[in-house]
Amino acid sequence: MSGAGIVGDMRLPEKGLGLALEILEQVARDDRGASAADIARAVGAPRATVYRVVNSLVRDEYLVRRSDFSGFLLGTRVLELAAVVGARTRPAHADVVDRLRVHTGEAVHLFAFHRTGLLVLDEDAARPLSDRQALLADPTRSAIGHLWLVAHPDRQMPQAPAWAREVPAADLRPIHEAYAVRGYTEQVALLSSDRGCLAVPIHDEAARPVGAVALSTSIAGLSVAARHVGALREAARALAPLGSLSGW
């Protein structure tokens, strides 16, 4: 019996690690969103088996369904794994972010946007995020989350499992209006009673928001932190050519 035949016989319907990895690889190759039927053809497995494994991967947040249910995309946990692997080498953005930290003397964090929420690309080790869990669970509680909401006006929160709550239209309106006036977002004491932050978007070559660079400071210093917005925007422009989320 050939090696391929042995692998095919040993696959488990829901817990076959090899099949799950093949499915993730096929989804990663199709940034438009691979359908279950396409995946089944590509990996050469029965469609019913692929459906079961795909559903398991969605449940565990390794995959996420497209908002129109036409296919599947890589989920939060895969993106987090990619970030961990990337952190083992000094990333291309490190020099830009380090210079910004020295220039401002404040905590500076770098984020990427993806379809299901936020990904922390570079957390200031000397001044870490005050409440990482809350920031990644609720887009209304951070300046970075506000930017994500502005960047995804057609979002469907059920398709963004990283967010723990739906955002009412009444809460969205002031976020959009403030961003339209300032060109950046701001939050005060929503994550920590004595901290606030500013965030400016990073755009890709097609002018789509793909991430954000954020400055966190004490509430006492927030009133004058706007003097650093120019430096934040300059850093965002320098970061833009380094790649979209898929390249980071």
# chains A, B, ... in the order shown; residues from 1 in each chain; ligands from 1
>>> select_by_dssp(residues="range 72-181 of chain A", states="alpha helix (DSSP H)", output="ChimeraX atom specification")
/A:76-86,94-104,132-137,143-151,169-181
>>> write_last_selection(atoms="N, CA and C atoms", output="compact mmCIF listing (two decimals), in the first residue's frame")
# COMPACT_ATOMS: atom_id res chain seq x y z
N THR A 76 -8.46 33.62 14.68
CA THR A 76 -7.61 34.32 15.63
C THR A 76 -6.44 33.48 16.13
N ARG A 77 -6.68 32.22 16.42
CA ARG A 77 -5.63 31.42 17.04
C ARG A 77 -4.49 31.14 16.08
N VAL A 78 -4.79 31.00 14.79
CA VAL A 78 -3.72 30.82 13.81
C VAL A 78 -2.88 32.09 13.71
N LEU A 79 -3.56 33.26 13.70
CA LEU A 79 -2.85 34.52 13.60
C LEU A 79 -1.97 34.75 14.83
N GLU A 80 -2.47 34.35 15.99
CA GLU A 80 -1.68 34.49 17.21
C GLU A 80 -0.44 33.59 17.16
N LEU A 81 -0.60 32.38 16.64
CA LEU A 81 0.55 31.49 16.48
C LEU A 81 1.59 32.07 15.53
N ALA A 82 1.10 32.68 14.45
CA ALA A 82 2.01 33.30 13.49
C ALA A 82 2.80 34.43 14.15
N ALA A 83 2.13 35.19 15.01
CA ALA A 83 2.80 36.28 15.70
C ALA A 83 3.87 35.76 16.66
N VAL A 84 3.59 34.65 17.34
CA VAL A 84 4.56 34.04 18.26
C VAL A 84 5.81 33.60 17.49
N VAL A 85 5.60 32.95 16.35
CA VAL A 85 6.73 32.50 15.53
C VAL A 85 7.53 33.69 15.03
N GLY A 86 6.81 34.73 14.57
CA GLY A 86 7.48 35.91 14.06
C GLY A 86 8.28 36.64 15.12
N ALA A 94 10.35 46.74 14.11
CA ALA A 94 10.90 46.99 15.44
C ALA A 94 11.62 48.33 15.54
N ASP A 95 12.43 48.66 14.55
CA ASP A 95 13.19 49.91 14.61
C ASP A 95 12.27 51.13 14.64
N VAL A 96 11.22 51.09 13.82
CA VAL A 96 10.29 52.22 13.78
C VAL A 96 9.60 52.40 15.12
N VAL A 97 9.12 51.29 15.69
CA VAL A 97 8.40 51.37 16.96
C VAL A 97 9.36 51.77 18.10
N ASP A 98 10.57 51.24 18.10
CA ASP A 98 11.54 51.60 19.15
C ASP A 98 11.89 53.08 19.09
N ARG A 99 12.07 53.63 17.90
CA ARG A 99 12.38 55.06 17.78
C ARG A 99 11.22 55.90 18.30
N LEU A 100 10.00 55.46 18.03
CA LEU A 100 8.83 56.20 18.50
C LEU A 100 8.75 56.19 20.02
N ARG A 101 9.09 55.08 20.64
CA ARG A 101 9.10 54.99 22.10
C ARG A 101 10.12 55.95 22.71
N VAL A 102 11.30 55.99 22.10
CA VAL A 102 12.34 56.90 22.60
C VAL A 102 11.92 58.35 22.40
N HIS A 103 11.37 58.66 21.22
CA HIS A 103 10.98 60.04 20.90
C HIS A 103 9.89 60.56 21.83
N THR A 104 8.89 59.74 22.11
CA THR A 104 7.74 60.20 22.90
C THR A 104 7.95 60.02 24.40
N ARG A 132 -5.00 43.72 28.88
CA ARG A 132 -4.95 43.10 27.55
C ARG A 132 -6.25 42.34 27.23
N GLN A 133 -6.74 41.60 28.21
CA GLN A 133 -7.93 40.78 27.98
C GLN A 133 -9.14 41.65 27.63
N ALA A 134 -9.35 42.73 28.38
CA ALA A 134 -10.49 43.61 28.11
C ALA A 134 -10.32 44.30 26.76
N LEU A 135 -9.10 44.70 26.43
CA LEU A 135 -8.85 45.38 25.16
C LEU A 135 -9.21 44.49 23.98
N LEU A 136 -8.87 43.19 24.08
CA LEU A 136 -9.10 42.28 22.97
C LEU A 136 -10.53 41.73 22.95
N ALA A 137 -11.30 42.01 23.99
CA ALA A 137 -12.66 41.48 24.06
C ALA A 137 -13.73 42.50 23.72
N ALA A 143 -8.78 52.89 22.25
CA ALA A 143 -8.66 53.69 21.03
C ALA A 143 -8.40 52.80 19.83
N ILE A 144 -7.69 51.67 20.04
CA ILE A 144 -7.42 50.74 18.94
C ILE A 144 -8.71 50.07 18.50
N GLY A 145 -9.54 49.67 19.46
CA GLY A 145 -10.83 49.08 19.13
C GLY A 145 -11.72 50.06 18.39
N HIS A 146 -11.66 51.34 18.77
CA HIS A 146 -12.44 52.36 18.05
C HIS A 146 -12.00 52.42 16.59
N LEU A 147 -10.70 52.34 16.37
CA LEU A 147 -10.21 52.36 14.98
C LEU A 147 -10.69 51.15 14.21
N TRP A 148 -10.71 49.98 14.87
CA TRP A 148 -11.20 48.78 14.19
C TRP A 148 -12.66 48.97 13.78
N LEU A 149 -13.46 49.56 14.65
CA LEU A 149 -14.88 49.80 14.34
C LEU A 149 -15.02 50.77 13.16
N VAL A 150 -14.18 51.80 13.13
CA VAL A 150 -14.21 52.75 12.02
C VAL A 150 -13.78 52.05 10.72
N ALA A 151 -12.81 51.16 10.83
CA ALA A 151 -12.28 50.48 9.64
C ALA A 151 -13.19 49.39 9.12
N ALA A 169 -25.66 50.98 17.67
CA ALA A 169 -25.44 52.09 16.73
C ALA A 169 -25.25 53.41 17.47
N ALA A 170 -25.93 53.57 18.60
CA ALA A 170 -25.81 54.81 19.37
C ALA A 170 -24.39 55.02 19.90
N ASP A 171 -23.68 53.91 20.17
CA ASP A 171 -22.30 54.02 20.63
C ASP A 171 -21.32 54.22 19.48
N LEU A 172 -21.69 53.75 18.30
CA LEU A 172 -20.81 53.87 17.14
C LEU A 172 -20.76 55.29 16.60
N ARG A 173 -21.89 55.97 16.63
CA ARG A 173 -21.99 57.28 16.00
C ARG A 173 -20.94 58.27 16.55
N PRO A 174 -20.83 58.44 17.87
CA PRO A 174 -19.81 59.38 18.36
C PRO A 174 -18.38 58.97 18.05
N ILE A 175 -18.13 57.65 17.98
CA ILE A 175 -16.79 57.17 17.62
C ILE A 175 -16.43 57.61 16.21
N HIS A 176 -17.35 57.41 15.27
CA HIS A 176 -17.12 57.80 13.88
C HIS A 176 -17.00 59.33 13.76
N GLU A 177 -17.85 60.05 14.48
CA GLU A 177 -17.83 61.52 14.39
C GLU A 177 -16.52 62.08 14.94
N ALA A 178 -16.06 61.54 16.07
CA ALA A 178 -14.80 62.02 16.65
C ALA A 178 -13.63 61.73 15.73
N TYR A 179 -13.62 60.54 15.13
CA TYR A 179 -12.53 60.19 14.21
C TYR A 179 -12.55 61.09 12.98
N ALA A 180 -13.74 61.41 12.48
CA ALA A 180 -13.84 62.26 11.30
C ALA A 180 -13.25 63.64 11.56
N VAL A 181 -13.36 64.12 12.79
CA VAL A 181 -12.83 65.44 13.14
C VAL A 181 -11.32 65.39 13.38
>>> select_by_dssp(residues="range 107-237 of chain A", states="strand (DSSP E)", output="MDAnalysis selection string")
chainID A and resid 107:114 117:122 185:188 195:203 209:218
>>> write_last_selection(atoms="N, CA, C and O atoms", output="compact mmCIF listing (two decimals), in the first residue's frame")
# COMPACT_ATOMS: atom_id res chain seq x y z
N ALA A 107 4.53 54.81 26.49
CA ALA A 107 4.27 53.44 26.05
C ALA A 107 3.70 53.47 24.64
O ALA A 107 2.76 54.22 24.36
N VAL A 108 4.27 52.68 23.75
CA VAL A 108 3.80 52.60 22.36
C VAL A 108 3.57 51.13 22.03
O VAL A 108 4.42 50.28 22.30
N HIS A 109 2.40 50.83 21.45
CA HIS A 109 2.03 49.46 21.09
C HIS A 109 1.63 49.42 19.62
O HIS A 109 1.04 50.37 19.10
N LEU A 110 1.92 48.29 18.97
CA LEU A 110 1.58 48.11 17.56
C LEU A 110 0.56 46.98 17.43
O LEU A 110 0.73 45.90 18.02
N PHE A 111 -0.49 47.23 16.64
CA PHE A 111 -1.56 46.25 16.45
C PHE A 111 -1.81 46.03 14.96
O PHE A 111 -1.60 46.92 14.14
N ALA A 112 -2.28 44.82 14.65
CA ALA A 112 -2.78 44.53 13.31
C ALA A 112 -4.28 44.28 13.42
O ALA A 112 -4.78 43.81 14.45
N PHE A 113 -4.99 44.64 12.37
CA PHE A 113 -6.43 44.35 12.28
C PHE A 113 -6.61 43.05 11.49
O PHE A 113 -5.91 42.81 10.51
N HIS A 114 -7.54 42.23 11.91
CA HIS A 114 -7.98 41.12 11.08
C HIS A 114 -9.49 41.04 11.16
O HIS A 114 -10.13 41.82 11.85
N GLY A 117 -10.99 40.64 14.75
CA GLY A 117 -10.62 41.51 15.87
C GLY A 117 -9.23 42.08 15.73
O GLY A 117 -8.81 42.48 14.64
N LEU A 118 -8.49 42.12 16.84
CA LEU A 118 -7.17 42.72 16.89
C LEU A 118 -6.10 41.68 17.18
O LEU A 118 -6.36 40.66 17.83
N LEU A 119 -4.89 41.97 16.71
CA LEU A 119 -3.73 41.14 17.02
C LEU A 119 -2.64 42.06 17.54
O LEU A 119 -2.30 43.06 16.90
N VAL A 120 -2.09 41.75 18.71
CA VAL A 120 -1.00 42.53 19.28
C VAL A 120 0.30 42.11 18.61
O VAL A 120 0.75 40.98 18.78
N LEU A 121 0.88 43.02 17.85
CA LEU A 121 2.13 42.71 17.14
C LEU A 121 3.36 43.07 17.96
O LEU A 121 4.38 42.38 17.90
N ASP A 122 3.28 44.17 18.70
CA ASP A 122 4.45 44.63 19.46
C ASP A 122 3.95 45.38 20.70
O ASP A 122 3.56 46.54 20.61
N THR A 185 -8.11 58.21 17.08
CA THR A 185 -9.07 57.90 18.13
C THR A 185 -8.43 58.06 19.50
O THR A 185 -7.20 58.07 19.63
N GLU A 186 -9.28 58.15 20.51
CA GLU A 186 -8.80 58.43 21.87
C GLU A 186 -9.72 57.75 22.87
O GLU A 186 -10.92 57.65 22.65
N GLN A 187 -9.15 57.26 23.96
CA GLN A 187 -9.96 56.77 25.07
C GLN A 187 -9.34 57.21 26.38
O GLN A 187 -8.13 57.37 26.48
N VAL A 188 -10.21 57.42 27.37
CA VAL A 188 -9.76 57.89 28.68
C VAL A 188 -10.35 57.00 29.76
O VAL A 188 -11.58 56.88 29.88
N ARG A 195 -5.19 55.70 33.13
CA ARG A 195 -4.51 55.70 31.84
C ARG A 195 -5.47 56.07 30.72
O ARG A 195 -6.68 55.88 30.80
N GLY A 196 -4.89 56.58 29.64
CA GLY A 196 -5.63 56.85 28.42
C GLY A 196 -4.72 56.58 27.24
O GLY A 196 -3.51 56.34 27.40
N CYS A 197 -5.27 56.57 26.02
CA CYS A 197 -4.43 56.32 24.86
C CYS A 197 -4.97 56.99 23.60
O CYS A 197 -6.15 57.35 23.52
N LEU A 198 -4.06 57.17 22.65
CA LEU A 198 -4.36 57.68 21.32
C LEU A 198 -3.95 56.61 20.31
O LEU A 198 -2.99 55.88 20.54
N ALA A 199 -4.66 56.53 19.20
CA ALA A 199 -4.30 55.55 18.17
C ALA A 199 -4.50 56.15 16.79
O ALA A 199 -5.50 56.83 16.54
N VAL A 200 -3.55 55.89 15.90
CA VAL A 200 -3.67 56.34 14.51
C VAL A 200 -3.61 55.09 13.62
O VAL A 200 -2.92 54.11 13.94
N PRO A 201 -4.31 55.11 12.50
CA PRO A 201 -4.37 53.92 11.65
C PRO A 201 -3.13 53.76 10.77
O PRO A 201 -2.47 54.74 10.41
N ILE A 202 -2.85 52.52 10.41
CA ILE A 202 -1.83 52.17 9.42
C ILE A 202 -2.58 51.66 8.20
O ILE A 202 -3.45 50.79 8.32
N HIS A 203 -2.29 52.20 7.04
CA HIS A 203 -2.99 51.82 5.81
C HIS A 203 -2.07 51.04 4.88
O HIS A 203 -0.86 51.28 4.85
N PRO A 209 -7.30 50.31 6.09
CA PRO A 209 -6.70 50.24 7.43
C PRO A 209 -6.36 48.79 7.76
O PRO A 209 -7.22 47.92 7.73
N VAL A 210 -5.09 48.53 8.06
CA VAL A 210 -4.65 47.17 8.37
C VAL A 210 -4.09 47.05 9.77
O VAL A 210 -3.75 45.95 10.21
N GLY A 211 -4.00 48.16 10.48
CA GLY A 211 -3.45 48.12 11.83
C GLY A 211 -3.46 49.49 12.46
O GLY A 211 -4.05 50.44 11.94
N ALA A 212 -2.79 49.59 13.61
CA ALA A 212 -2.77 50.85 14.33
C ALA A 212 -1.52 50.93 15.18
O ALA A 212 -1.00 49.91 15.66
N VAL A 213 -1.04 52.13 15.37
CA VAL A 213 0.01 52.39 16.34
C VAL A 213 -0.60 53.25 17.43
O VAL A 213 -1.29 54.24 17.14
N ALA A 214 -0.42 52.85 18.68
CA ALA A 214 -1.11 53.50 19.79
C ALA A 214 -0.10 53.98 20.83
O ALA A 214 0.91 53.32 21.09
N LEU A 215 -0.41 55.12 21.43
CA LEU A 215 0.39 55.69 22.51
C LEU A 215 -0.45 55.71 23.77
O LEU A 215 -1.57 56.23 23.76
N SER A 216 0.07 55.14 24.83
CA SER A 216 -0.63 55.12 26.12
C SER A 216 0.13 55.98 27.11
O SER A 216 1.36 55.97 27.16
N THR A 217 -0.63 56.75 27.89
CA THR A 217 -0.01 57.66 28.86
C THR A 217 -0.92 57.82 30.06
O THR A 217 -2.06 57.31 30.07
N SER A 218 -0.44 58.53 31.07
CA SER A 218 -1.28 58.80 32.24
C SER A 218 -2.37 59.79 31.86
O SER A 218 -2.23 60.55 30.90
>>> residues_around(residues="Ala48 in chain A", least_positions_apart="5", cutoff="12 Å", atoms="only C-alpha atoms", output="list in words")
Pro13, Glu14, Ala36, Ala37, Ile39, Ala40, Arg41, Val53, Val54 and Asn55 of chain A
>>> write_last_selection(atoms="all heavy atoms", output="short mmCIF file (atom, residue, chain, number, x, y, z; two decimals), in the first residue's frame")
data_model
loop_
_atom_site.label_atom_id
_atom_site.label_comp_id
_atom_site.auth_asym_id
_atom_site.auth_seq_id
_atom_site.Cartn_x
_atom_site.Cartn_y
_atom_site.Cartn_z
N PRO A 13 -12.06 11.17 11.71
CA PRO A 13 -13.06 12.14 11.24
C PRO A 13 -12.93 13.52 11.85
O PRO A 13 -12.99 14.52 11.15
CB PRO A 13 -14.39 11.48 11.62
CG PRO A 13 -14.08 10.02 11.61
CD PRO A 13 -12.67 9.91 12.12
N GLU A 14 -12.72 13.62 13.18
CA GLU A 14 -12.72 14.94 13.82
C GLU A 14 -11.40 15.28 14.48
O GLU A 14 -11.14 16.44 14.76
CB GLU A 14 -13.85 15.02 14.85
CG GLU A 14 -15.23 15.03 14.23
CD GLU A 14 -16.31 15.30 15.25
OE1 GLU A 14 -16.58 14.41 16.06
OE2 GLU A 14 -16.85 16.41 15.25
N ALA A 36 -15.95 24.72 1.86
CA ALA A 36 -15.72 23.37 2.33
C ALA A 36 -15.59 22.40 1.16
O ALA A 36 -14.78 21.47 1.19
CB ALA A 36 -16.84 22.94 3.26
N ALA A 37 -16.37 22.63 0.11
CA ALA A 37 -16.29 21.77 -1.08
C ALA A 37 -14.92 21.90 -1.74
O ALA A 37 -14.31 20.90 -2.16
CB ALA A 37 -17.40 22.12 -2.06
N ILE A 39 -12.14 22.79 -0.29
CA ILE A 39 -11.15 22.18 0.61
C ILE A 39 -11.16 20.66 0.45
O ILE A 39 -10.11 20.01 0.37
CB ILE A 39 -11.44 22.57 2.07
CG1 ILE A 39 -11.27 24.08 2.26
CG2 ILE A 39 -10.52 21.81 3.02
CD1 ILE A 39 -11.80 24.59 3.59
N ALA A 40 -12.37 20.08 0.40
CA ALA A 40 -12.48 18.62 0.27
C ALA A 40 -11.81 18.13 -1.00
O ALA A 40 -11.10 17.11 -1.00
CB ALA A 40 -13.96 18.21 0.30
N ARG A 41 -12.03 18.85 -2.11
CA ARG A 41 -11.38 18.47 -3.37
C ARG A 41 -9.87 18.58 -3.27
O ARG A 41 -9.13 17.72 -3.77
CB ARG A 41 -11.91 19.34 -4.52
CG ARG A 41 -13.30 18.97 -5.00
CD ARG A 41 -13.62 19.64 -6.32
NE ARG A 41 -13.68 21.10 -6.18
CZ ARG A 41 -14.77 21.78 -5.87
NH1 ARG A 41 -15.92 21.13 -5.67
NH2 ARG A 41 -14.75 23.09 -5.78
N VAL A 53 -14.34 18.34 10.45
CA VAL A 53 -13.08 18.92 10.91
C VAL A 53 -13.13 20.44 10.83
O VAL A 53 -12.68 21.14 11.75
CB VAL A 53 -11.90 18.36 10.08
CG1 VAL A 53 -10.60 19.04 10.49
CG2 VAL A 53 -11.78 16.85 10.26
N VAL A 54 -13.69 20.98 9.74
CA VAL A 54 -13.81 22.43 9.60
C VAL A 54 -14.65 23.01 10.72
O VAL A 54 -14.29 24.04 11.32
CB VAL A 54 -14.41 22.79 8.22
CG1 VAL A 54 -14.88 24.25 8.21
CG2 VAL A 54 -13.38 22.57 7.12
N ASN A 55 -15.75 22.38 11.05
CA ASN A 55 -16.60 22.86 12.14
C ASN A 55 -15.86 22.86 13.47
O ASN A 55 -16.02 23.77 14.29
CB ASN A 55 -17.87 22.03 12.24
CG ASN A 55 -18.87 22.35 11.14
OD1 ASN A 55 -18.87 23.46 10.61
ND2 ASN A 55 -19.70 21.39 10.78
#
>>> atom_distance(atom1="CA of Leu74 in chain A", atom2="CA of Gly33 in chain A")
8.6 Å
>>> atom_distance(atom1="CA of Asp30 in chain A", atom2="CA of Arg115 in chain A")
14.7 Å
>>> closest_residue(among="A:Ala164, A:Ala207, A:Leu232, A:Ile219", to="Ala189 in chain A", atoms="only C-alpha atoms")
A:Ile219
>>> atom_distance(atom1="CA of Ser67 in chain A", atom2="CA of Val167 in chain A")
16.9 Å
